[in-house]
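To be precise, the following lines are coords04.cif, and they hold mmCIF, C-alpha atoms and all ligand atoms.
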```cif
data_upload
#
loop_
_atom_site.label_atom_id
_atom_site.label_comp_id
_atom_site.auth_asym_id
_atom_site.auth_seq_id
_atom_site.Cartn_x
_atom_site.Cartn_y
_atom_site.Cartn_z
CA MET O 11 82.78 95.20 94.66
CA ASN O 12 83.26 95.92 91.01
CA LYS O 13 84.55 92.72 89.36
CA PHE O 14 87.30 94.52 87.49
CA PHE O 15 88.77 96.03 90.62
CA PHE O 16 88.48 92.71 92.41
CA LEU O 17 90.57 91.02 89.71
CA ILE O 18 93.07 93.85 89.68
CA SER O 19 93.44 93.57 93.48
CA LEU O 20 94.04 89.83 93.21
CA PHE O 21 96.67 90.46 90.58
CA PHE O 22 98.44 92.97 92.82
CA ILE O 23 98.28 90.76 95.91
CA PHE O 24 99.65 87.77 93.99
CA ASN O 25 102.39 89.82 92.38
CA ILE O 26 103.28 91.57 95.62
CA ASN O 27 103.54 88.24 97.48
CA ALA O 28 105.99 86.96 94.91
CA GLN O 29 108.14 90.05 95.48
CA ASN O 30 107.80 89.58 99.23
CA ILE O 31 109.47 86.18 99.15
CA MET O 32 112.47 87.79 97.48
CA LYS O 33 112.55 90.74 99.84
CA SER O 34 112.33 88.78 103.09
CA ASN O 35 115.87 87.53 102.47
CA THR O 36 117.34 90.94 101.84
CA LYS O 37 120.23 92.21 103.92
CA LYS O 38 119.34 94.41 106.91
CA ILE O 39 120.41 97.99 106.32
CA VAL O 40 121.82 100.78 108.46
CA ILE O 41 120.88 104.36 107.60
CA ALA O 42 123.02 107.11 109.14
CA HIS O 43 120.24 109.44 110.35
CA ARG O 44 121.29 113.05 109.60
CA GLY O 45 124.87 111.68 109.41
CA ALA O 46 126.69 110.56 112.55
CA SER O 47 124.39 112.93 114.40
CA GLY O 48 125.02 111.32 117.78
CA TYR O 49 128.60 112.64 117.61
CA LEU O 50 128.68 115.83 115.50
CA PRO O 51 126.01 118.46 114.70
CA GLU O 52 123.36 116.89 112.45
CA HIS O 53 123.53 117.30 108.66
CA THR O 54 126.94 119.00 108.68
CA MET O 55 129.46 117.75 106.11
CA GLU O 56 131.69 116.70 109.04
CA SER O 57 128.89 114.56 110.43
CA LYS O 58 128.41 112.95 107.00
CA ALA O 59 132.13 112.22 106.57
CA MET O 60 132.27 110.64 110.01
CA ALA O 61 129.16 108.57 109.22
CA TYR O 62 130.76 107.45 105.95
CA ALA O 63 133.78 106.08 107.83
CA MET O 64 131.42 103.96 109.95
CA LYS O 65 130.28 102.15 106.78
CA PRO O 66 126.51 102.32 107.00
CA ASP O 67 124.54 101.25 103.91
CA TYR O 68 123.01 104.71 103.41
CA ILE O 69 123.54 108.27 104.61
CA GLU O 70 120.44 110.43 105.02
CA GLN O 71 119.81 113.92 103.61
CA ASP O 72 116.80 116.06 104.62
CA ILE O 73 116.09 118.67 101.97
CA VAL O 74 114.60 122.17 102.09
CA LEU O 75 114.89 124.72 99.24
CA SER O 76 116.57 128.12 99.58
CA LYS O 77 114.99 131.28 98.12
CA ASP O 78 117.01 130.70 94.93
CA ASN O 79 115.96 127.02 94.69
CA VAL O 80 119.18 125.43 95.98
CA PRO O 81 118.38 122.20 97.89
CA ILE O 82 119.82 122.72 101.38
CA ILE O 83 120.55 119.80 103.72
CA ILE O 84 118.67 120.63 106.93
CA HIS O 85 116.01 118.83 108.97
CA ASP O 86 113.37 121.56 109.21
CA ILE O 87 112.01 124.42 107.17
CA TYR O 88 113.30 126.60 110.05
CA LEU O 89 116.85 127.80 110.74
CA ASP O 90 116.61 128.95 114.34
CA ASP O 91 117.19 125.72 116.27
CA VAL O 92 120.39 124.61 114.51
CA THR O 93 122.07 127.88 113.44
CA ASN O 94 123.01 131.36 114.73
CA VAL O 95 120.55 133.05 112.32
CA LEU O 96 119.21 135.26 115.13
CA GLU O 97 122.66 136.88 115.53
CA VAL O 98 123.44 137.20 111.82
CA TYR O 99 120.06 138.25 110.36
CA PRO O 100 117.97 139.45 113.37
CA LYS O 101 115.53 141.40 111.20
CA ARG O 102 114.65 138.53 108.86
CA VAL O 103 112.24 136.89 111.31
CA ARG O 104 108.65 136.16 110.25
CA ASN O 105 105.56 137.11 112.31
CA ASP O 106 105.54 133.69 113.99
CA ASP O 107 109.01 134.45 115.47
CA ARG O 108 110.72 131.90 113.22
CA PHE O 109 113.41 132.15 110.53
CA TYR O 110 112.74 130.17 107.34
CA VAL O 111 115.33 128.58 105.04
CA ILE O 112 113.17 129.60 102.06
CA ASP O 113 113.58 133.34 102.89
CA PHE O 114 117.36 133.24 102.33
CA THR O 115 119.54 132.78 99.26
CA TYR O 116 122.15 130.03 99.19
CA ASN O 117 124.97 132.57 99.64
CA GLU O 118 123.21 134.11 102.64
CA LEU O 119 122.74 130.68 104.20
CA LEU O 120 126.47 129.97 103.84
CA GLN O 121 127.17 132.85 106.27
CA LEU O 122 125.51 130.99 109.15
CA ASN O 123 127.18 128.82 111.77
CA VAL O 124 125.55 125.43 112.37
CA THR O 125 125.41 124.14 115.92
CA GLU O 126 124.19 121.10 117.84
CA ARG O 127 120.36 121.23 118.02
CA PHE O 128 118.94 123.35 120.84
CA ASP O 129 115.44 124.15 122.04
CA GLN O 130 114.65 127.60 120.74
CA LYS O 131 112.51 128.60 123.75
CA SER O 132 114.57 127.29 126.68
CA ASN O 133 117.89 127.66 124.80
CA LYS O 134 118.90 124.21 126.13
CA MET O 135 120.50 121.41 124.08
CA VAL O 136 118.02 118.75 122.92
CA PHE O 137 120.60 115.98 123.58
CA PRO O 138 122.73 117.32 126.46
CA LYS O 139 125.48 114.67 126.20
CA ARG O 140 126.23 115.35 122.54
CA PHE O 141 128.68 117.74 120.84
CA PRO O 142 128.70 121.06 122.76
CA ALA O 143 126.39 123.74 121.31
CA GLY O 144 127.99 126.73 119.61
CA LYS O 145 131.49 125.19 119.52
CA SER O 146 133.81 125.00 116.51
CA HIS O 147 132.70 126.05 113.06
CA PHE O 148 130.19 124.22 110.87
CA ARG O 149 128.30 125.33 107.74
CA LEU O 150 125.16 124.45 105.81
CA HIS O 151 125.65 122.84 102.39
CA SER O 152 123.74 121.84 99.26
CA LEU O 153 122.50 118.42 98.17
CA GLN O 154 124.95 118.54 95.26
CA ASP O 155 127.92 119.11 97.60
CA GLU O 156 126.93 116.15 99.73
CA ILE O 157 126.34 113.81 96.79
CA GLU O 158 129.73 114.78 95.36
CA MET O 159 131.43 114.04 98.68
CA ILE O 160 129.75 110.62 99.05
CA GLN O 161 130.38 109.68 95.42
CA GLY O 162 133.96 110.95 95.78
CA LEU O 163 134.50 108.80 98.86
CA ASN O 164 132.95 105.81 97.08
CA LYS O 165 135.62 106.30 94.40
CA SER O 166 138.56 106.87 96.74
CA THR O 167 137.70 104.10 99.23
CA GLY O 168 136.18 101.55 96.86
CA ASN O 169 133.06 101.33 99.06
CA SER O 170 129.57 101.76 97.74
CA ILE O 171 127.50 103.75 100.20
CA GLY O 172 124.11 105.04 99.14
CA ILE O 173 122.13 108.20 99.75
CA TYR O 174 118.69 108.36 101.38
CA PRO O 175 117.23 111.83 100.66
CA GLU O 176 113.97 113.08 102.20
CA ILE O 177 111.76 115.72 100.60
CA LYS O 178 110.64 118.00 103.44
CA ASP O 179 107.18 119.55 103.51
CA PRO O 180 106.30 119.64 99.79
CA GLU O 181 103.02 121.42 100.58
CA PHE O 182 104.86 124.31 102.27
CA HIS O 183 107.19 124.57 99.26
CA ARG O 184 104.24 124.58 96.86
CA LYS O 185 102.58 127.42 98.81
CA ASN O 186 105.83 129.32 98.31
CA GLY O 187 105.73 128.65 94.57
CA LYS O 188 108.29 125.82 94.48
CA ASP O 189 108.11 122.23 93.21
CA ILE O 190 110.74 120.69 95.49
CA SER O 191 110.13 117.09 94.36
CA LYS O 192 110.76 117.89 90.70
CA ILE O 193 113.91 119.89 91.51
CA VAL O 194 115.33 117.10 93.69
CA ILE O 195 114.45 114.23 91.32
CA ASP O 196 116.14 116.10 88.43
CA ILE O 197 119.33 116.61 90.47
CA LEU O 198 119.37 112.96 91.58
CA SER O 199 118.95 111.89 87.99
CA ASN O 200 121.86 114.13 86.88
CA TYR O 201 124.07 112.37 89.43
CA GLY O 202 123.07 108.93 88.12
CA TYR O 203 120.35 108.05 90.63
CA LYS O 204 117.48 106.95 88.39
CA THR O 205 116.39 103.41 89.24
CA LYS O 206 116.01 101.05 92.20
CA SER O 207 119.49 99.65 91.61
CA ASP O 208 121.19 103.07 91.77
CA ASN O 209 121.94 103.12 95.53
CA CYS O 210 119.47 105.86 96.35
CA ILE O 211 116.24 105.68 98.36
CA LEU O 212 113.86 108.61 98.26
CA GLN O 213 111.57 109.23 101.25
CA CYS O 214 108.69 111.55 102.17
CA PHE O 215 105.98 111.80 104.85
CA ASP O 216 103.45 113.30 102.42
CA ALA O 217 101.74 110.27 100.84
CA LYS O 218 100.03 112.26 98.09
CA GLU O 219 103.38 113.71 97.08
CA LEU O 220 105.31 110.43 97.17
CA LYS O 221 102.61 108.87 94.99
CA ARG O 222 102.95 111.85 92.65
CA MET O 223 106.72 111.22 92.40
CA ARG O 224 105.98 107.71 91.14
CA MET O 225 102.92 108.38 88.98
CA GLU O 226 103.32 111.92 87.64
CA LEU O 227 107.06 112.61 87.89
CA LYS O 228 107.72 109.00 86.76
CA SER O 229 110.50 108.34 89.24
CA ASN O 230 111.81 104.77 89.14
CA LEU O 231 113.75 105.16 92.39
CA PHE O 232 113.17 102.97 95.46
CA LEU O 233 110.56 104.97 97.44
CA THR O 234 109.94 104.92 101.20
CA GLN O 235 106.63 106.14 102.59
CA LEU O 236 107.33 107.58 106.03
CA ILE O 237 104.47 107.14 108.48
CA GLU O 238 103.93 109.03 111.67
CA PHE O 239 100.48 108.29 113.05
CA PRO O 240 98.65 105.00 113.61
CA LYS O 241 95.90 106.16 111.24
CA ASP O 242 98.43 105.97 108.41
CA GLU O 243 98.85 102.24 109.02
CA LYS O 244 95.41 101.58 107.53
CA LEU O 245 96.64 102.90 104.22
CA LEU O 246 99.27 100.19 103.65
CA LEU O 247 97.40 98.73 100.68
CA ASP O 248 97.57 102.10 98.93
CA TYR O 249 101.26 102.59 99.79
CA ALA O 250 102.03 99.20 98.20
CA THR O 251 100.79 100.51 94.84
CA TYR O 252 103.67 103.00 94.53
CA ALA O 253 106.16 102.64 97.43
CA ASP O 254 108.82 99.98 98.10
CA ALA O 255 109.10 100.47 101.86
CA ILE O 256 107.45 102.16 104.80
CA GLY O 257 109.29 104.14 107.46
CA PRO O 258 107.43 103.95 110.78
CA TRP O 259 108.39 105.39 114.15
CA ILE O 260 109.84 102.67 116.47
CA LYS O 261 106.91 103.07 118.85
CA GLN O 262 104.47 102.04 116.11
CA LEU O 263 106.08 98.56 116.12
CA ILE O 264 105.18 97.86 119.74
CA LYS O 265 101.53 97.45 120.66
CA ARG O 266 101.97 97.23 124.44
CA PHE O 267 103.73 95.44 127.29
CA ASP O 268 101.83 92.59 128.99
CA GLU O 269 101.56 92.19 132.80
CA ASN O 270 104.97 90.37 132.88
CA GLY O 271 106.64 93.19 130.97
CA GLN O 272 106.82 91.14 127.74
CA ILE O 273 106.43 93.07 124.51
CA ILE O 274 103.33 92.53 122.39
CA TYR O 275 104.31 93.59 118.86
CA SER O 276 101.97 95.39 116.48
CA ASP O 277 101.06 93.76 113.16
CA LEU O 278 102.65 96.55 111.15
CA VAL O 279 105.86 94.79 110.03
CA ASN O 280 104.08 91.55 109.09
CA ASP O 281 101.33 93.42 107.27
CA ALA O 282 103.89 95.47 105.35
CA HIS O 283 105.96 92.39 104.43
CA ARG O 284 102.85 90.60 103.22
CA LEU O 285 102.31 93.49 100.80
CA GLY O 286 105.94 93.40 99.64
CA LEU O 287 106.89 96.55 101.52
CA GLN O 288 110.19 96.66 103.39
CA VAL O 289 110.24 98.39 106.77
CA HIS O 290 112.90 100.98 107.68
CA ALA O 291 112.13 102.27 111.17
CA TYR O 292 113.23 105.52 112.85
CA THR O 293 115.02 106.56 115.05
CA PHE O 294 117.47 104.35 116.98
CA ARG O 295 119.38 106.56 119.42
CA ALA O 296 121.82 105.23 122.02
CA ASP O 297 121.02 108.25 124.19
CA GLN O 298 117.21 107.99 123.92
CA LEU O 299 116.19 104.44 124.78
CA GLU O 300 112.38 104.78 125.04
CA ASN O 301 112.26 102.88 128.40
CA ILE O 302 114.35 99.96 127.10
CA PRO O 303 117.33 99.16 129.41
CA THR O 304 120.14 99.15 126.80
CA PHE O 305 120.74 100.15 123.17
CA GLU O 306 121.63 96.55 122.31
CA LYS O 307 118.24 95.44 123.66
CA LEU O 308 116.49 98.15 121.64
CA LEU O 309 118.25 96.90 118.49
CA GLU O 310 117.31 93.30 119.31
CA ILE O 311 113.67 94.35 119.66
CA GLY O 312 113.84 96.16 116.33
CA PHE O 313 115.76 93.72 114.13
CA ILE O 314 114.86 90.38 115.74
CA GLY O 315 111.60 91.02 117.63
CA THR O 316 109.76 93.06 115.04
CA GLY O 317 111.74 91.93 111.98
CA ILE O 318 112.42 95.32 110.43
CA ASP O 319 114.65 95.49 107.33
CA GLY O 320 116.50 98.68 108.18
CA ALA O 321 117.08 101.24 110.90
CA PHE O 322 117.62 104.99 110.87
CA THR O 323 120.16 105.67 113.60
CA ASP O 324 122.08 108.60 115.11
CA HIS O 325 124.80 106.07 116.09
CA PRO O 326 125.63 104.16 112.88
CA ASP O 327 128.83 102.62 114.31
CA LYS O 328 126.90 100.85 117.07
CA VAL O 329 124.25 99.47 114.70
CA VAL O 330 126.81 98.31 112.12
CA GLU O 331 128.63 96.52 114.97
CA PHE O 332 125.37 94.95 116.22
CA LEU O 333 124.47 93.59 112.78
CA LYS O 334 127.92 92.00 112.39
CA LYS O 335 127.18 89.70 115.34
CA CA W 1 114.62 112.67 107.83
#
```
Can you turn what I pasted into structure tokens?
Amino acid sequence: MNKFFFLISLFFIFNINAQNIMKSNTKKIVIAHRGASGYLPEHTMESKAMAYAMKPDYIEQDIVLSKDNVPIIIHDIYLDDVTNVLEVYPKRVRNDDRFYVIDFTYNELLQLNVTERFDQKSNKMVFPKRFPAGKSHFRLHSLQDEIEMIQGLNKSTGNSIGIYPEIKDPEFHRKNGKDISKIVIDILSNYGYKTKSDNCILQCFDAKELKRMRMELKSNLFLTQLIEFPKDEKLLLDYATYADAIGPWIKQLIKRFDENGQIIYSDLVNDAHRLGLQVHAYTFRADQLENIPTFEKLLEIGFIGTGIDGAFTDHPDKVVEFLKK
């Protein structure tokens, strides 16, 4: 190995370990995943207000741009599985039978009703025990509207709850001529979210793009590298050069069950901590237990067994309660 790079690596490992000692004592955090999405349709303002009242540490925003570059809070680049777009704009479908947020202006998007998530093909609810599909009246909203509500509530209640925005599919946005990361970072900055102490964590699955946010767009925010596939785990050393945390799927934390049914944990959390990366895992759902007998047990496995630092959850009240004990 080139001597220079060897020395640089040593410097990083030493430095990162020093940070790690500080981070291992940090408070465990609760992230309201798409709001209080276990109780009200995901990413609606109502779901965010309810989540706020449950006092999580952060509330999550997924972000997709409209045709006129307004950042819309919605989980996918598609509209058809959480809105009535098919009824309102039946002709605006693309060749793949899907309706895209990016094909509509902000004002057009405001005409849609938001509903509990349903499977587009079978027309069945994804989580059958949740808020009934198609009931009541919910709307889409912009990132600015949500930030103003959370900051407003921070003022009126005296709490200090953070935001945890996710840039969705930057590559798709780029192909449609839009630089979503730049637009979002500028807005965050205008609302006072500029550094790691500003109560905002920015997340993305696209590693190249998250690295770009740090290196090229010069963001000083706390950055979380979301990881989906085991192959991504090999890239931890690279993530540690620009990110502050990783966000794995819960299942990535468990290697297997032994013959007595005991859990054998994967090395992911320890490896990440050794590199100074916090671990915020997704998604803890009280109505999707992944073969674990109770939600409490699932949380024990996550926070105590694997040692994660934070959890994305559809049921923030239950996780806040668990962490109090
Ligand atoms: Ca998300």
Contacts of O:Ile160 at 8 Å or less, counting all atoms listed in the file, minus same-chain residues fewer than 6 places along, as an MDAnalysis selection string? chainID O and resid 62 171:172
Since we have the selection now, will you write its residues out, keeping C-alpha atoms, as a short mmCIF file (atom, residue, chain, number, x, y, z; two decimals), in the frame of the given file?
```cif
data_model
loop_
_atom_site.label_atom_id
_atom_site.label_comp_id
_atom_site.auth_asym_id
_atom_site.auth_seq_id
_atom_site.Cartn_x
_atom_site.Cartn_y
_atom_site.Cartn_z
CA TYR O 62 130.76 107.45 105.95
CA ILE O 171 127.50 103.75 100.20
CA GLY O 172 124.11 105.04 99.14
#
```
Looking at O:Ser276, O:Gln213, O:Ser229, O:Ser207, which one is nearest to ligand CA 1 (chain W), with distances taken over only C-alpha atoms and all ligand atoms? O:Gln213
Kindly compile the residues surrounding ligand CA 1 (chain W) within 12 Å, counting only C-alpha atoms and all ligand atoms, and format them as a ChimeraX atom specification. /O:41-45,47,52-53,69-74,83-86,173-179,211-215,234-238,257-259,290-293,322-324
Leaving out O:Ala282 and any residue of its chain fewer than 2 positions from it, which residues lie within 9 Å of it when counting all atoms listed in the file, given as number ranges by chain? O: 246-247, 250, 255-256, 277-280, 284-289
Just checking: using all atoms listed in the file, which residue out of O:Tyr49, O:Phe232, O:Tyr116, O:Tyr203 ends up closest to O:Lys139?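 Checking each candidate against O:Lys139, we get O:Tyr49 as the closest.
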In terms of all atoms listed in the file, the residue from O:Asp208, O:Glu226, O:Asp268, O:Glu118 at minimal distance from O:Ile82 is O:Glu118
Among listed residues O:Asn123, O:Gln154, O:Gln298, O:Asn133, nearest O:Asp196 (using all atoms listed in the file):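 Comparing O:Asn123, O:Gln154, O:Gln298, O:Asn133 against O:Asp196, the winner is O:Gln154.
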Residue among O:Ser76, O:Asn117, O:Thr125, O:Ser132 lying closest to O:Val92, counting all atoms listed in the file: O:Thr125
Computed interatomic separation between atom CA of O:Leu75 and atom CA of O:His183 (Å):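 Separation of atom CA of O:Leu75 and atom CA of O:His183: 7.7 Å.
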Mind checking which residues fall within 12 Å of stretch 101-104 of chain O, counting only C-alpha atoms, ignoring those fewer than 2 positions away in the same chain, and posting them as a list of chain:residue names? O:Tyr88, O:Leu89, O:Asp90, O:Val95, O:Leu96, O:Glu97, O:Val98, O:Tyr99, O:Asp106, O:Asp107, O:Arg108, O:Phe109, O:Tyr110, O:Val111, O:Ile112, O:Asp113, O:Phe114, O:Glu118
Just the number, please: distance in Å from atom CA of O:Val136 to atom CA of O:Val40, one decimal.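 Computing it gives 23.4 Å between the two atoms.
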Grab the atom CA of O:Leu231 to atom CA of O:Pro66 distance for me, in Å with one decimal place.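 Going from atom CA of O:Leu231 over to atom CA of O:Pro66, I get 19.6 Å.
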Residues at most 12 Å from O:Ala143, counting all atoms listed in the file, excluding those fewer than 2 positions away in the same chain, as a list in words?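 Selected residues are Tyr49, Leu50, Pro51, Glu52, Asp91, Val92, Thr93, Asn94, Asn123, Val124, Thr125, Glu126, Arg127, Phe128, Asp129, Asn133, Lys134, Met135, Val136, Phe137, Pro138, Lys139, Arg140, Phe141, Lys145, Ser146, His147 and Phe148 of chain O.
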Could you check the closest approach to O:Phe239 for each of O:Lys328, O:Gln262, O:Lys218, O:Ser199 and tell me which residue wins, using all atoms listed in the file? O:Gln262
Who sits within 12 Å of O:Glu310, all atoms listed in the file, same chain under 4 positions skipped, as an mmCIF file with C-alpha atoms, in the frame of the given file:
```
data_model
loop_
_atom_site.group_PDB
_atom_site.id
_atom_site.type_symbol
_atom_site.label_atom_id
_atom_site.label_comp_id
_atom_site.auth_asym_id
_atom_site.auth_seq_id
_atom_site.Cartn_x
_atom_site.Cartn_y
_atom_site.Cartn_z
ATOM 1 C CA PHE O 294 117.470 104.350 116.980
ATOM 2 C CA ILE O 302 114.350 99.960 127.100
ATOM 3 C CA PRO O 303 117.330 99.160 129.410
ATOM 4 C CA THR O 304 120.140 99.150 126.800
ATOM 5 C CA PHE O 305 120.740 100.150 123.170
ATOM 6 C CA GLU O 306 121.630 96.550 122.310
ATOM 7 C CA ILE O 314 114.860 90.380 115.740
ATOM 8 C CA GLY O 315 111.600 91.020 117.630
ATOM 9 C CA THR O 316 109.760 93.060 115.040
ATOM 10 C CA GLY O 317 111.740 91.930 111.980
ATOM 11 C CA ILE O 318 112.420 95.320 110.430
ATOM 12 C CA ALA O 321 117.080 101.240 110.900
ATOM 13 C CA VAL O 329 124.250 99.470 114.700
ATOM 14 C CA PHE O 332 125.370 94.950 116.220
ATOM 15 C CA LEU O 333 124.470 93.590 112.780
ATOM 16 C CA LYS O 335 127.180 89.700 115.340
#
```
Need the axis-aligned box for stretch 200-207 of chain O with 6 Å each side, so what are the centre and edges in Å to one decimal, as JSON?
```
{"center_x": 120.0, "center_y": 106.9, "center_z": 89.5, "size_x": 20.1, "size_y": 26.5, "size_z": 17.3}
```
